[in-house]
Amino acid sequence: MANSAIFTVSTNSAVAANGIVPLGTVIRRFGCNTALEGDSITCYGRGYYEVNASVTMTPVAAGTIGVQLYQDGVAVPGGMAYATGTAGEPLSLSFPALVRQTQCGATSLSLRLHSGTATTGATVSNCSVTVEKV
């Protein structure tokens with residue numbers, strides 16, 4: 001059972017190639033270990049945080065495109081999803097990840113669009129992120 005969690009949703013956002021994916025607004029939140037701050041979720045306190053992200057986007061150009069989770073500006077290993085997209089066709093990506101906060105302070109989690117061979121951005125029609133302290 002988690003002692004803190006947050007669920008955010010963002011809709012209809014134009015994201016530039018390799019740009020930050022907006023996390024939107026808080027839909028549900030409890031506990032004091034997680035907070036939405038701008039385009040990132042801040043996790044307070046030592047421990048492990050389970051992240052589940054789901055993004056539906058429409059690429060502007062065809063090619064490989066995806067999303068990557070970042071912790072304090074560093075890509076989280078395995079915290080990513082990629083696919084081959086077609087211009088104008090919706091594409092759904094999701095992934096789970098587990099991050100660790102080893103300090104007493106805070107850590108920041110954000111999502112970034114990775115354009116890969118699709119050298120342009122995408123329209124994100126839905127982005128939902130859940131972060132739960134486990």
# chains A, B, ... in the order shown; residues from 1 in each chain; ligands from 1
$ residues_around --residues "stretch 61-77 of chain A" --least-positions-apart "4" --cutoff "8 Å" --atoms "only C-alpha atoms" --output "NGL selection string"
:A and (55 or 81-88 or 93 or 97 or 99 or 107-121)
$ write_last_selection --atoms "N, CA and C atoms" --output "JSON list (two decimals), in the first residue's frame"
[["chain", "number", "residue", "atom", "x", "y", "z"],
["A", 55, "VAL", "N", 0.87, 7.63, -23.04],
["A", 55, "VAL", "CA", 0.83, 8.80, -23.91],
["A", 55, "VAL", "C", 0.20, 8.41, -25.25],
["A", 81, "ALA", "N", 9.26, 4.27, -24.07],
["A", 81, "ALA", "CA", 8.48, 3.50, -25.04],
["A", 81, "ALA", "C", 8.66, 4.17, -26.39],
["A", 82, "TYR", "N", 8.92, 3.35, -27.42],
["A", 82, "TYR", "CA", 9.13, 3.84, -28.79],
["A", 82, "TYR", "C", 8.30, 3.01, -29.75],
["A", 83, "ALA", "N", 7.96, 3.61, -30.88],
["A", 83, "ALA", "CA", 7.24, 2.90, -31.94],
["A", 83, "ALA", "C", 7.47, 3.64, -33.25],
["A", 84, "THR", "N", 7.10, 3.01, -34.34],
["A", 84, "THR", "CA", 7.16, 3.66, -35.64],
["A", 84, "THR", "C", 5.80, 4.29, -35.90],
["A", 85, "GLY", "N", 5.82, 5.60, -36.04],
["A", 85, "GLY", "CA", 4.58, 6.33, -36.25],
["A", 85, "GLY", "C", 4.38, 6.72, -37.70],
["A", 86, "THR", "N", 3.15, 6.99, -38.04],
["A", 86, "THR", "CA", 2.77, 7.49, -39.35],
["A", 86, "THR", "C", 2.20, 8.89, -39.18],
["A", 87, "ALA", "N", 2.61, 9.80, -40.04],
["A", 87, "ALA", "CA", 2.13, 11.17, -39.94],
["A", 87, "ALA", "C", 0.61, 11.22, -39.91],
["A", 88, "GLY", "N", 0.06, 11.91, -38.93],
["A", 88, "GLY", "CA", -1.37, 12.09, -38.82],
["A", 88, "GLY", "C", -2.14, 10.92, -38.22],
["A", 93, "LEU", "N", 1.51, 4.87, -26.53],
["A", 93, "LEU", "CA", 2.70, 4.31, -25.90],
["A", 93, "LEU", "C", 2.52, 4.32, -24.39],
["A", 97, "ALA", "N", 7.99, 2.20, -14.77],
["A", 97, "ALA", "CA", 9.37, 2.42, -14.36],
["A", 97, "ALA", "C", 9.41, 2.51, -12.84],
["A", 99, "VAL", "N", 11.84, 4.36, -9.91],
["A", 99, "VAL", "CA", 12.96, 5.25, -9.64],
["A", 99, "VAL", "C", 13.25, 5.26, -8.15],
["A", 107, "THR", "N", 13.46, 14.80, -5.71],
["A", 107, "THR", "CA", 13.88, 14.45, -7.06],
["A", 107, "THR", "C", 12.77, 14.83, -8.02],
["A", 108, "SER", "N", 13.13, 15.20, -9.24],
["A", 108, "SER", "CA", 12.17, 15.68, -10.21],
["A", 108, "SER", "C", 12.04, 14.69, -11.36],
["A", 109, "LEU", "N", 10.80, 14.35, -11.73],
["A", 109, "LEU", "CA", 10.52, 13.43, -12.82],
["A", 109, "LEU", "C", 9.80, 14.17, -13.94],
["A", 110, "SER", "N", 10.26, 13.95, -15.18],
["A", 110, "SER", "CA", 9.61, 14.58, -16.33],
["A", 110, "SER", "C", 9.62, 13.63, -17.52],
["A", 111, "LEU", "N", 8.76, 13.93, -18.49],
["A", 111, "LEU", "CA", 8.69, 13.15, -19.73],
["A", 111, "LEU", "C", 9.16, 14.02, -20.88],
["A", 112, "ARG", "N", 9.89, 13.40, -21.79],
["A", 112, "ARG", "CA", 10.37, 14.11, -22.97],
["A", 112, "ARG", "C", 10.04, 13.29, -24.21],
["A", 113, "LEU", "N", 9.57, 13.99, -25.24],
["A", 113, "LEU", "CA", 9.32, 13.37, -26.53],
["A", 113, "LEU", "C", 10.67, 13.11, -27.19],
["A", 114, "HIS", "N", 10.86, 11.90, -27.70],
["A", 114, "HIS", "CA", 12.08, 11.59, -28.44],
["A", 114, "HIS", "C", 11.68, 11.35, -29.87],
["A", 115, "SER", "N", 12.10, 12.26, -30.74],
["A", 115, "SER", "CA", 11.64, 12.23, -32.11],
["A", 115, "SER", "C", 12.33, 11.18, -32.97],
["A", 116, "GLY", "N", 13.48, 10.70, -32.59],
["A", 116, "GLY", "CA", 14.14, 9.65, -33.36],
["A", 116, "GLY", "C", 14.25, 10.02, -34.82],
["A", 117, "THR", "N", 13.75, 9.15, -35.69],
["A", 117, "THR", "CA", 13.80, 9.43, -37.13],
["A", 117, "THR", "C", 12.67, 10.34, -37.59],
["A", 118, "ALA", "N", 11.66, 10.54, -36.74],
["A", 118, "ALA", "CA", 10.60, 11.52, -37.04],
["A", 118, "ALA", "C", 11.13, 12.86, -36.54],
["A", 119, "THR", "N", 11.71, 13.64, -37.43],
["A", 119, "THR", "CA", 12.45, 14.83, -37.01],
["A", 119, "THR", "C", 11.58, 16.01, -36.59],
["A", 120, "THR", "N", 10.29, 15.80, -36.54],
["A", 120, "THR", "CA", 9.38, 16.84, -36.08],
["A", 120, "THR", "C", 8.69, 16.37, -34.81],
["A", 121, "GLY", "N", 7.85, 17.18, -34.26],
["A", 121, "GLY", "CA", 7.18, 16.86, -33.01],
["A", 121, "GLY", "C", 5.89, 16.06, -33.21]]
$ select_by_dssp --residues "stretch 16-76 of chain A" --states "strand (DSSP E or B)" --output "number ranges by chain"
A: 20-21, 25-30, 34-37, 40-44, 47-59, 63-71, 74-76
$ closest_residue --among "A:Pro90, A:Leu98, A:Thr58, A:Lys133" --to "A:Ser13" --atoms "only C-alpha atoms"
A:Thr58
$ residues_around --residues "A:Tyr44" --least-positions-apart "6" --cutoff "7 Å" --atoms "only C-alpha atoms" --output "ChimeraX atom specification"
/A:33-34,105-107
$ closest_residue --among "A:Glu50, A:Glu89, A:Glu132, A:Asp39" --to "A:Ser10" --atoms "only C-alpha atoms"
A:Asp39
$ closest_residue --among "A:Ser128, A:Gln101, A:Cys43, A:Met57" --to "A:Ala14" --atoms "only C-alpha atoms"
A:Met57
$ residues_around --residues "A:Thr25" --least-positions-apart "6" --cutoff "8 Å" --atoms "only C-alpha atoms" --output "PyMOL selection string"
chain A and resi 8-10+36
